[in-house]
Structure formats: structure tokens, C-alpha cells
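The file model18.cif comes next; it holds mmCIF, C-alpha atoms.
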```cif
data_coords
#
loop_
_atom_site.label_atom_id
_atom_site.label_comp_id
_atom_site.auth_asym_id
_atom_site.auth_seq_id
_atom_site.Cartn_x
_atom_site.Cartn_y
_atom_site.Cartn_z
CA GLU A 27 80.95 119.41 86.65
CA ALA A 28 80.50 115.98 85.08
CA GLY A 29 83.39 113.57 85.33
CA VAL A 30 84.68 111.20 82.68
CA THR A 31 81.86 109.03 81.41
CA GLN A 32 82.09 105.71 79.61
CA PHE A 33 79.56 103.69 77.71
CA PRO A 34 78.54 100.92 77.97
CA SER A 35 79.28 100.01 81.55
CA HIS A 36 79.31 96.34 80.64
CA SER A 37 79.46 94.48 77.35
CA VAL A 38 79.26 90.74 76.72
CA ILE A 39 80.11 89.57 73.22
CA GLU A 40 81.19 86.39 71.49
CA LYS A 41 84.64 85.78 70.14
CA GLY A 42 84.95 87.19 66.66
CA GLN A 43 82.39 89.94 67.15
CA THR A 44 83.07 93.65 67.15
CA VAL A 45 82.65 95.97 70.11
CA THR A 46 82.95 99.74 70.32
CA LEU A 47 83.58 101.47 73.61
CA ARG A 48 82.94 105.17 74.07
CA CYS A 49 84.54 107.72 76.37
CA ASP A 50 83.45 111.29 77.03
CA PRO A 51 86.20 113.23 78.77
CA ILE A 52 85.75 116.13 81.14
CA SER A 53 84.83 119.21 79.15
CA GLY A 54 87.89 121.20 78.15
CA HIS A 55 90.35 118.36 78.65
CA ASP A 56 92.52 118.06 75.58
CA ASN A 57 94.29 114.93 76.82
CA LEU A 58 92.49 111.60 76.71
CA TYR A 59 93.89 108.23 77.67
CA TRP A 60 92.81 104.62 77.38
CA TYR A 61 93.93 101.96 79.85
CA ARG A 62 92.79 98.41 80.48
CA ARG A 63 92.99 95.88 83.24
CA VAL A 64 92.80 92.20 82.42
CA MET A 65 91.98 89.73 85.19
CA GLY A 66 94.72 89.39 87.78
CA LYS A 67 96.98 91.95 86.14
CA GLU A 68 97.75 95.60 86.67
CA ILE A 69 96.11 98.47 84.83
CA LYS A 70 98.03 99.02 81.60
CA PHE A 71 98.30 102.04 79.35
CA LEU A 72 96.96 101.72 75.82
CA LEU A 73 97.22 105.15 74.26
CA HIS A 74 97.12 108.92 74.68
CA PHE A 75 95.35 111.50 72.54
CA VAL A 76 96.06 115.19 72.51
CA LYS A 77 92.95 116.66 70.96
CA GLU A 78 92.38 114.44 67.91
CA SER A 79 96.01 113.33 67.50
CA LYS A 80 97.54 110.17 68.88
CA GLN A 81 100.53 111.26 70.97
CA ASP A 82 101.50 107.83 72.25
CA GLU A 83 100.00 104.54 71.14
CA SER A 84 102.79 102.34 72.44
CA GLY A 85 100.44 100.28 74.59
CA MET A 86 98.01 99.19 71.88
CA PRO A 87 98.26 95.39 71.87
CA ASN A 88 97.69 94.71 68.16
CA ASN A 89 95.89 95.91 65.05
CA ARG A 90 92.55 94.54 66.22
CA PHE A 91 92.29 97.64 68.36
CA LEU A 92 91.40 100.97 66.78
CA ALA A 93 91.05 104.18 68.76
CA GLU A 94 89.66 107.39 67.37
CA ARG A 95 88.93 110.85 68.64
CA THR A 96 87.36 112.74 65.78
CA GLY A 97 86.93 116.43 66.52
CA GLY A 98 88.97 116.14 69.71
CA THR A 99 85.99 115.51 71.97
CA TYR A 100 84.77 112.01 72.73
CA SER A 101 86.78 108.93 71.84
CA THR A 102 85.91 105.43 70.72
CA LEU A 103 87.89 102.23 71.09
CA LYS A 104 86.90 99.48 68.69
CA VAL A 105 87.95 95.88 69.06
CA GLN A 106 87.53 93.86 65.85
CA PRO A 107 87.47 90.89 65.94
CA ALA A 108 87.35 90.36 69.69
CA GLU A 109 89.35 87.52 71.23
CA LEU A 110 88.97 85.84 74.62
CA GLU A 111 92.09 87.57 75.97
CA ASP A 112 90.51 90.97 75.34
CA SER A 113 88.22 90.48 78.33
CA GLY A 114 88.86 92.99 81.07
CA VAL A 115 87.99 96.46 82.25
CA TYR A 116 88.74 99.33 79.89
CA PHE A 117 89.29 102.68 81.57
CA CYS A 118 89.33 106.07 79.99
CA ALA A 119 90.97 109.07 81.64
CA SER A 120 91.35 112.71 80.76
CA SER A 121 93.52 115.60 81.84
CA GLN A 122 93.67 119.30 81.20
CA ALA A 123 97.43 119.50 80.83
CA GLN A 124 100.56 117.39 80.70
CA GLY A 125 103.70 117.17 82.76
CA ARG A 126 104.45 117.83 86.37
CA GLY A 127 101.41 117.96 88.61
CA ASN A 128 99.08 116.82 85.85
CA GLU A 129 96.18 114.75 87.20
CA GLN A 130 94.45 112.14 85.10
CA PHE A 131 90.79 111.74 85.99
CA PHE A 132 89.43 108.26 85.40
CA GLY A 133 86.04 107.10 84.28
CA PRO A 134 84.24 104.14 85.87
CA GLY A 135 85.37 101.75 83.15
CA THR A 136 83.69 99.42 80.68
CA ARG A 137 83.74 95.78 81.68
CA LEU A 138 84.18 93.70 78.52
CA THR A 139 83.53 89.98 78.56
CA VAL A 140 84.38 87.97 75.45
CA LEU A 141 82.86 84.47 75.42
CA GLN B 19 111.10 91.94 86.24
CA LYS B 20 107.99 94.10 86.44
CA GLU B 21 108.57 97.85 86.45
CA VAL B 22 106.35 98.30 89.50
CA GLU B 23 105.78 95.73 92.22
CA GLN B 24 102.95 95.98 94.73
CA ASP B 25 101.75 93.33 97.15
CA PRO B 26 98.08 92.72 96.26
CA GLY B 27 97.17 91.73 99.83
CA PRO B 28 94.42 91.53 100.88
CA LEU B 29 95.09 93.60 103.97
CA SER B 30 92.58 93.68 106.84
CA VAL B 31 92.95 96.06 109.80
CA PRO B 32 90.78 97.28 112.68
CA GLU B 33 89.35 100.78 112.62
CA GLY B 34 91.83 103.33 113.92
CA ALA B 35 94.91 101.38 112.85
CA ILE B 36 97.80 102.88 110.92
CA VAL B 37 98.02 101.35 107.47
CA SER B 38 101.22 101.12 105.46
CA LEU B 39 101.08 100.39 101.73
CA ASN B 40 104.19 100.03 99.62
CA CYS B 41 105.50 99.75 96.08
CA THR B 42 108.94 99.14 94.68
CA TYR B 43 110.04 100.01 91.18
CA SER B 44 112.92 99.17 88.91
CA ASN B 45 112.90 102.03 86.40
CA SER B 46 115.09 104.86 87.66
CA ALA B 47 113.56 107.15 85.02
CA PHE B 48 110.32 107.42 86.99
CA GLN B 49 110.02 110.94 88.31
CA TYR B 50 106.40 111.28 89.38
CA PHE B 51 104.67 109.07 91.89
CA MET B 52 100.98 108.75 92.60
CA TRP B 53 98.61 106.86 94.82
CA TYR B 54 95.12 106.15 93.56
CA ARG B 55 92.17 104.78 95.49
CA GLN B 56 89.62 102.61 93.72
CA TYR B 57 86.28 101.61 95.15
CA SER B 58 84.50 98.58 93.76
CA ARG B 59 83.03 99.16 90.29
CA LYS B 60 84.49 102.68 90.13
CA GLY B 61 87.48 104.20 88.40
CA PRO B 62 90.74 105.05 90.18
CA GLU B 63 90.70 108.37 92.03
CA LEU B 64 93.91 110.31 92.69
CA LEU B 65 94.84 110.55 96.38
CA MET B 66 98.41 111.78 96.45
CA TYR B 67 100.93 113.04 93.90
CA THR B 68 104.63 113.53 94.64
CA TYR B 69 107.71 114.16 92.55
CA SER B 70 110.57 114.38 95.00
CA SER B 71 112.04 112.17 97.66
CA GLY B 72 110.65 112.77 101.11
CA ASN B 73 107.23 112.98 102.69
CA LYS B 74 104.03 114.70 101.63
CA GLU B 75 101.12 114.90 104.00
CA ASP B 76 97.43 115.49 103.30
CA GLY B 77 95.12 115.00 106.25
CA ARG B 78 95.31 111.40 107.39
CA PHE B 79 97.41 110.41 104.38
CA THR B 80 101.20 110.61 104.03
CA ALA B 81 103.05 109.69 100.88
CA GLN B 82 106.72 108.87 101.13
CA VAL B 83 109.21 108.51 98.29
CA ASP B 84 112.73 107.13 98.55
CA LYS B 85 114.27 107.39 95.10
CA SER B 86 117.60 105.94 96.22
CA SER B 87 115.85 102.71 97.24
CA LYS B 88 113.19 102.91 94.51
CA TYR B 89 110.51 102.55 97.14
CA ILE B 90 107.31 104.46 97.78
CA SER B 91 104.83 104.22 100.61
CA LEU B 92 101.40 105.46 101.57
CA PHE B 93 100.48 105.72 105.23
CA ILE B 94 96.91 106.08 106.41
CA ARG B 95 96.44 107.23 110.02
CA ASP B 96 93.32 106.58 112.06
CA SER B 97 91.93 104.33 109.34
CA GLN B 98 88.17 104.34 108.82
CA PRO B 99 85.81 101.76 107.31
CA SER B 100 85.30 104.24 104.45
CA ASP B 101 88.99 103.77 103.59
CA SER B 102 88.20 100.20 102.52
CA ALA B 103 89.18 100.11 98.85
CA THR B 104 91.95 99.03 96.52
CA TYR B 105 94.99 101.31 96.61
CA LEU B 106 97.10 101.55 93.48
CA CYS B 107 100.52 103.07 93.12
CA ALA B 108 101.33 104.62 89.76
CA MET B 109 104.40 106.26 88.29
CA LYS B 110 105.47 108.08 85.19
CA GLN B 111 108.65 109.28 83.55
CA GLY B 112 109.38 112.86 82.78
CA GLY B 113 108.18 113.76 79.30
CA SER B 114 105.61 110.96 79.24
CA GLU B 115 102.00 110.85 80.34
CA LYS B 116 101.92 107.07 80.42
CA LEU B 117 101.08 105.89 83.93
CA VAL B 118 102.61 102.59 85.02
CA PHE B 119 100.54 100.98 87.76
CA GLY B 120 101.15 98.44 90.46
CA LYS B 121 98.61 95.64 90.83
CA GLY B 122 96.89 97.37 93.76
CA THR B 123 96.44 96.37 97.39
CA LYS B 124 92.94 95.58 98.59
CA LEU B 125 92.40 97.11 102.04
CA THR B 126 89.54 96.36 104.42
CA VAL B 127 89.10 98.43 107.58
CA ASN B 128 86.87 96.63 110.04
CA PRO B 129 84.63 98.66 112.39
#
```

What would the structure in this file look like if it were written as C-alpha cells?
Amino acid sequence: EAGVTQFPSHSVIEKGQTVTLRCDPISGHDNLYWYRRVMGKEIKFLLHFVKESKQDESGMPNNRFLAERTGGTYSTLKVQPAELEDSGVYFCASSQAQGRGNEQFFGPGTRLTVL
Amino acid sequence: QKEVEQDPGPLSVPEGAIVSLNCTYSNSAFQYFMWYRQYSRKGPELLMYTYSSGNKEDGRFTAQVDKSSKYISLFIRDSQPSDSATYLCAMKQGGSEKLVFGKGTKLTVNP
């Protein structure tokens, strides 16, 4: 069974440009999460989808970030306009369920560099 | 004060050594505790998952939780070069799926 996939694996853009990251969760996983790790810091939660609905978006840093999950399958995370501090690795994860014992499976990440 | 503190290392040990990795936390609402392993250029992979104080063993790995001290540990016995990776502790509260991570400890096991 395929794991969580993310595209692109690496993106280099200039400040002010727009970038869209894509995540394909494991088939059948209703829960999808976005996290990011900026240089030297810990991995931080951005948001959580249940199917197409945002359950928790408390970690979204500001309104330059827009996450969508139309149809409850894949998800996109758009950064517009990108700033230097947005550089980092963006991870997507998915899980079948919630609560006790729930395992989040992570993708390999998209490395975003904003110049 | 950060919610989760983890010494980033790096930690270098000889093959066969026992490795001890630790995290402390400040939020007493955390109920679920995880250890993830991350190889270079890969995503984190779940190693151990516990939700009560005490020990949980899985092969060469033992996870320990002490809720009274807000301290968790991961022990690796008979460490192998293939164990070389970054180890991340993560925690979550009941009723939330938001994982809160430590910074990760980079481990190298030398043959």
C-alpha cells in the first residue's frame, strides 16, 4: 500500500511568489494533517482536516497560508505571497482514526526555500 | 517555556551500546506520548506509542513515561548502525490530534 506522498519534494521560489504544495494521504484515511519545520526549530502543527472539513487550524501562522481538501482526498497548501521566514520543510500526515492509539503516518516532506 | 524540551545532541555511540533519549514536558494535559524516528530526507516514522506511566517494550526499544515528573525516555538496546537517525518525541492531549514535538536528537551509531 502506498504511503503518504507529497509533491514537489523541493521548491525554490522568490519572496513574493506563490507556491502550492500537494499531499496525497493514504487511501481511506479521513484525517489529514499539515506540519512544518523551520530551520533549527521543532516540527510544528499547522492544521487538521477531517475529510474536507478543517477540524483544527490553530497552527496556521497567518492568512498568507491557505489549505484546502476538496472532495476529502488530496490536500493543497498554498503560500501567497511567500516570505523568507516561510522556508522550511512542510510535512503532511494522515490517519485512519482519531484518539487513543491513533497513528499519524508522515510523508517525506516538501522542502521550501524562499529567496 | 517550551511545552516539550529535548536535547538535540548530537549523540554518538559505538555499536552495541545502550542509548537513552529523553524529553521533558510542561503541559500536564498531555496524555499520549510517542517516539518517532526520522532518517535523513524522510518523514518521521512512529516507533513507540504509550499513554500510561510505566514501561513499554518492543524488541530492542523500551519507552518509559513518568507523568509525575513529566519525563519520557526511549532506550535502545544493542544499538546498530541502522539506528542512526534523528529521534523525535511527540505528545498530544486527550481530545486533540495536534502533535507537539521536541526538537529531535540526532543519533549516530558507529560500527

Test item: chain A residues at most 12 Å from chain B, counting all atoms listed in the file, as a ChimeraX atom specification: /A:29-32,35-36,57-76,81-85,115-137

Polymer residues at most 10 Å from Ser70 of chain B, only C-alpha atoms, same-chain spacing of 6 or more positions, as a PyMOL selection string: chain B and resi 49-51+82-85

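Here atom CA of Thr99 of chain A stands at a distance of 17.4 Å from atom CA of Pro34 of chain A.
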
Non-local contacts of Arg78 of chain B (10 Å; only C-alpha atoms; under 4 positions in same chain excluded) as a ChimeraX atom specification: /B:36,93-97

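Atom CA of Cys107 of chain B lies 13.7 Å from atom CA of Ser44 of chain B.
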
Selection result of the PyMOL selection byres ((chain A and resi 41) around 7) on this file, as a ChimeraX atom specification: /A:39-40,42-43,108-110,140-141

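Comparing the minimum interatomic distances between Ala93 of chain A and each of A:Leu47, A:Ala28, A:Ile52, A:Val38, counting all atoms listed in the file, we find that A:Leu47 sits nearest.
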
All residues 7 Å or closer to Leu92 of chain B, only C-alpha atoms, same chain fewer than 5 positions away omitted, as a ChimeraX atom specification: /B:38-40,79-82

Kindly provide, as AutoDock Vina command-line options, the centre and edge lengths (Å, one decimal) of an axis-aligned box around all atoms of segment 48-64 of chain B given in the file, with 8 Å on each side.
```
--center_x 96.7 --center_y 104.9 --center_z 91.2 --size_x 43.3 --size_y 28.7 --size_z 24.5
```

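Between atom CA of Met109 of chain B and atom CA of Gly34 of chain B there is a distance of 28.7 Å.
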
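If you measure from each of A:Gly114, A:Val45, A:Pro51, A:Phe33 to Leu92 of chain A using all atoms listed in the file, the closest one turns out to be A:Val45.
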
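Proximity to Glu94 of chain A was assessed for A:Glu78, A:Asp112, A:His55, A:Gln106 counting all atoms listed in the file; the smallest distance is recorded for A:Glu78.
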
Reference answer for the PyMOL selection byres ((chain B and resi 129) around 9), as a PyMOL selection string: chain B and resi 32-34+98-99+127-128

Take the selection from the previous step and output its residues with C-alpha atoms, as a PDB file, in the frame of the given file.
```
ATOM      1  CA  PRO B  32      90.780  97.280 112.680  1.00  0.00           C
ATOM      2  CA  GLU B  33      89.350 100.780 112.620  1.00  0.00           C
ATOM      3  CA  GLY B  34      91.830 103.330 113.920  1.00  0.00           C
ATOM      4  CA  GLN B  98      88.170 104.340 108.820  1.00  0.00           C
ATOM      5  CA  PRO B  99      85.810 101.760 107.310  1.00  0.00           C
ATOM      6  CA  VAL B 127      89.100  98.430 107.580  1.00  0.00           C
ATOM      7  CA  ASN B 128      86.870  96.630 110.040  1.00  0.00           C
TER       8      ASN B 128
END
```

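If you measure from each of A:Gly98, A:Pro107, A:Ser113, A:Asn89 to Thr139 of chain A using only C-alpha atoms, the closest one turns out to be A:Ser113.
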
Counting all atoms listed in the file, the option among A:Val105, A:Tyr100, A:Ser37, A:Leu138 closest to Met86 of chain A: A:Val105
